[in-house]
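Each remark here refers to the structure printed beneath this line.
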Amino acid sequence: MLFAHDTECALVSVAALVNTAGDDREGLPDVAALDAFFTAHGWSGRHEHTDAELRQVRALRPRLHRIWYADTDEVVAIVNTLLRESHALPQLVRHDDEPYHLHAVPRDAPLATRMAVEAAMAMADLVRMGELSRLRHCDHPDCDNVLVDLSRNRSRRFCDAGCGNRAAVSAYRARRAAASHS
Ligand SMILES: [Zn+2]
Ligand SMILES: [Zn+2]
C-alpha cells in the first residue's frame, strides 16, 4: 500500500467522479445514477436524493478535474481553497467497522462538501509525498478518462472502463492483419 487506505479509496473515488463527466455522455444523468455512485464507492452519511444535491456534485467535477492538469502550486491552491470554503476540521473517527480514519467535515454535511473535502485531503497526501505524477490520463487514444496509478512500479496505463481490454484486442487484430499480409 502506497498511501493510507482511506487516501487510496478517496483517490479512486475522485477519479471515478471526474470520469462521470464525459465529453459526450453524462455519467450522472439523474438522482438514481448518483445513488448508484454513492453505493459503489462506499459513501455513507448524509445523502438527500435530490436534484439540488445532484447539481452540487456535478458542479464539483470540473474543479476536481482541473487537478489532473495543474502543477503543484496550483494543486495546492485548489486543495487549500476546497478545505477553506468547507471549513474543514480534521478529526479521527471510526464507524461502520472501518478502522480509524480522518473526516474533516461532519457526516451530516452535504454530500458534495464531503466529496470535495475528502478529495482535497487525499490530494494533500499526494502533494506531501511528492506523488502528484500518479494522477494521469488513460493511454487509450479514444479515451480521455483520468486515472490514479496506485501500482508500486507506476505501470498503470488504462482506466477502469475496459480500455486495457480494448487496447489488447486492437493489438491482437493488428498482429493478425500484419501476419496475413506477409
Ligand atoms: Zn468514514
Ligand atoms: Zn480509458
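Naming scheme: A, B, ... for chains in displayed order of the C-alpha cells; residues 1 onward per chain; ligands 1 onward as shown.
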How would you write, as a PyMOL selection string, the set of residues no farther than 7 Å from ligand 1 when counting only C-alpha atoms and all ligand atoms? chain A and resi 93-95+101+103
I want to know what sits within 8 Å of A:Val146, based on only C-alpha atoms, with residues of the same chain fewer than 6 positions away left out; could you give that as a PyMOL selection string? chain A and resi 15+18-19+68+135-138+159
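Between ligand 2 and the candidates A:Ala109, A:Thr50, A:Gly22, A:Met129, the tightest atom-to-atom separation, counting only C-alpha atoms and all ligand atoms, involves A:Gly22.
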Contacts with ligand 2 at most 10 Å, only C-alpha atoms and all ligand atoms counted, listed as a ChimeraX atom specification: /A:19,137-147,157-167
How about saving the chosen residues, C-alpha atoms kept, as an mmCIF file, in the first residue's frame?
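Below you can see out_23.cif, which holds the result:
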data_model
loop_
_atom_site.group_PDB
_atom_site.id
_atom_site.type_symbol
_atom_site.label_atom_id
_atom_site.label_comp_id
_atom_site.auth_asym_id
_atom_site.auth_seq_id
_atom_site.Cartn_x
_atom_site.Cartn_y
_atom_site.Cartn_z
ATOM 1 C CA ASN A 19 -14.885 10.392 -15.235
ATOM 2 C CA HIS A 137 -4.765 10.048 -18.185
ATOM 3 C CA CYS A 138 -5.810 6.807 -19.820
ATOM 4 C CA ASP A 139 -3.401 5.776 -22.598
ATOM 5 C CA HIS A 140 -6.139 4.597 -24.938
ATOM 6 C CA PRO A 141 -6.290 7.018 -27.897
ATOM 7 C CA ASP A 142 -10.108 7.128 -27.858
ATOM 8 C CA CYS A 143 -10.403 7.718 -24.111
ATOM 9 C CA ASP A 144 -9.954 10.889 -22.098
ATOM 10 C CA ASN A 145 -10.630 9.393 -18.674
ATOM 11 C CA VAL A 146 -8.368 10.243 -15.765
ATOM 12 C CA LEU A 147 -6.788 7.617 -13.537
ATOM 13 C CA ARG A 157 -1.758 2.622 -18.387
ATOM 14 C CA PHE A 158 -5.512 2.342 -18.779
ATOM 15 C CA CYS A 159 -8.630 3.479 -16.932
ATOM 16 C CA ASP A 160 -11.275 1.162 -15.479
ATOM 17 C CA ALA A 161 -13.646 1.485 -18.438
ATOM 18 C CA GLY A 162 -12.306 -1.551 -20.296
ATOM 19 C CA CYS A 163 -9.618 0.335 -22.235
ATOM 20 C CA GLY A 164 -6.951 -2.220 -21.325
ATOM 21 C CA ASN A 165 -9.012 -4.950 -22.983
ATOM 22 C CA ARG A 166 -9.847 -2.748 -25.956
ATOM 23 C CA ALA A 167 -6.159 -1.978 -26.486
#
Please provide the set of residues having any atom within 8 Å of A:Ala10, restricted to only C-alpha atoms, with same-chain residues fewer than 2 positions apart removed, written as a ChimeraX atom specification. /A:6-8,12-14,118-119,122
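For the pair atom CA of A:Thr113 and atom CA of A:Ser44, the separation is 13.2 Å.
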Work out how far atom CA of A:Gly27 is from atom CA of A:Val117, in Å to one decimal. 21.5 Å
Go through A:Ala124, A:Val105, A:Ile67, A:Leu28 and flag the residue nearest A:Gly45, using only C-alpha atoms for the distances. A:Val105
Could you go through stretch 1-143 of chain A and tell me which residues DSSP, when run on the backbone, assigns to strand (DSSP E), listing them as a CSV table (one decimal) with all heavy atoms, in the first residue's frame?
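Result written to result04.csv:
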chain,number,residue,atom,x,y,z
A,91,GLN,N,-10.7,15.3,11.9
A,91,GLN,CA,-11.0,14.5,13.2
A,91,GLN,C,-10.8,13.1,12.8
A,91,GLN,O,-11.3,12.6,11.8
A,91,GLN,CB,-12.4,14.8,13.7
A,91,GLN,CG,-12.7,16.2,14.0
A,91,GLN,CD,-12.2,16.6,15.4
A,91,GLN,OE1,-12.7,16.1,16.4
A,91,GLN,NE2,-11.2,17.4,15.4
A,92,LEU,N,-10.2,12.3,13.7
A,92,LEU,CA,-10.1,10.9,13.6
A,92,LEU,C,-11.4,10.3,14.0
A,92,LEU,O,-11.9,10.6,15.1
A,92,LEU,CB,-8.9,10.3,14.4
A,92,LEU,CG,-7.6,10.5,13.7
A,92,LEU,CD1,-6.5,10.3,14.7
A,92,LEU,CD2,-7.4,9.5,12.6
A,93,VAL,N,-12.0,9.4,13.2
A,93,VAL,CA,-13.3,8.8,13.5
A,93,VAL,C,-13.3,7.4,13.2
A,93,VAL,O,-12.4,6.9,12.4
A,93,VAL,CB,-14.5,9.5,12.8
A,93,VAL,CG1,-14.6,11.0,13.2
A,93,VAL,CG2,-14.3,9.4,11.3
A,101,HIS,N,-10.0,6.6,10.8
A,101,HIS,CA,-9.6,7.4,9.6
A,101,HIS,C,-10.0,8.8,9.8
A,101,HIS,O,-10.7,9.2,10.7
A,101,HIS,CB,-10.2,6.8,8.3
A,101,HIS,CG,-11.7,6.6,8.3
A,101,HIS,ND1,-12.3,5.7,9.0
A,101,HIS,CD2,-12.6,7.4,7.7
A,101,HIS,CE1,-13.6,5.8,8.8
A,101,HIS,NE2,-13.8,6.8,8.0
A,102,LEU,N,-9.6,9.7,8.9
A,102,LEU,CA,-9.9,11.1,9.0
A,102,LEU,C,-11.2,11.5,8.3
A,102,LEU,O,-11.4,11.1,7.2
A,102,LEU,CB,-8.7,11.9,8.4
A,102,LEU,CG,-7.4,12.1,9.2
A,102,LEU,CD1,-6.3,12.7,8.4
A,102,LEU,CD2,-7.7,12.9,10.5
A,103,HIS,N,-12.0,12.3,9.0
A,103,HIS,CA,-13.1,13.0,8.4
A,103,HIS,C,-12.8,14.5,8.7
A,103,HIS,O,-12.4,14.8,9.9
A,103,HIS,CB,-14.4,12.7,9.0
A,103,HIS,CG,-15.0,11.4,8.5
A,103,HIS,ND1,-16.3,11.1,8.7
A,103,HIS,CD2,-14.5,10.4,7.9
A,103,HIS,CE1,-16.6,9.9,8.2
A,103,HIS,NE2,-15.5,9.5,7.7
A,135,LEU,N,-1.3,11.0,-10.9
A,135,LEU,CA,-2.5,11.5,-11.5
A,135,LEU,C,-2.3,11.5,-13.0
A,135,LEU,O,-1.5,12.3,-13.5
A,135,LEU,CB,-2.9,12.9,-11.0
A,135,LEU,CG,-3.1,13.0,-9.5
A,135,LEU,CD1,-3.5,14.4,-9.1
A,135,LEU,CD2,-4.2,12.0,-9.0
A,136,ARG,N,-2.9,10.6,-13.7
A,136,ARG,CA,-2.6,10.5,-15.1
A,136,ARG,C,-3.8,10.4,-16.0
A,136,ARG,O,-4.9,10.3,-15.4
A,136,ARG,CB,-1.6,9.3,-15.4
A,136,ARG,CG,-0.3,9.4,-14.5
A,136,ARG,CD,0.8,8.9,-15.3
A,136,ARG,NE,0.4,7.7,-16.1
A,136,ARG,CZ,0.4,6.5,-15.7
A,136,ARG,NH1,0.9,6.2,-14.5
A,136,ARG,NH2,0.0,5.5,-16.4
A,137,HIS,N,-3.6,10.3,-17.3
A,137,HIS,CA,-4.8,10.0,-18.2
A,137,HIS,C,-4.6,8.7,-18.8
A,137,HIS,O,-3.5,8.2,-19.0
A,137,HIS,CB,-4.8,11.1,-19.3
A,137,HIS,CG,-5.3,12.5,-18.8
A,137,HIS,ND1,-4.4,13.3,-18.1
A,137,HIS,CD2,-6.5,13.0,-18.7
A,137,HIS,CE1,-5.1,14.4,-17.7
A,137,HIS,NE2,-6.3,14.3,-18.1
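When only C-alpha atoms are used to measure the gap to A:His5, the shortest distance among A:Leu150, A:Leu132, A:Ala171, A:Ala178 belongs to A:Leu150.
Minimum atom-to-atom distance to A:Pro90, evaluated using only C-alpha atoms, belongs to A:Met121 out of A:Val169, A:Cys9, A:Glu74, A:Met121.
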When you draw a straight line from atom CA of A:Arg58 to atom CA of A:Ala21, how long is it in Å? 7.8 Å
Just the residues within 12 Å of stretch 77-79 of chain A, please, counting only C-alpha atoms, with nothing from its chain fewer than 6 positions along; format it as a count of residues only. 27
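In terms of minimum interatomic distance to A:Asp51, A:Pro29 ranks closest within A:Arg114, A:Pro29, A:Thr39, A:Gly130, counting only C-alpha atoms.
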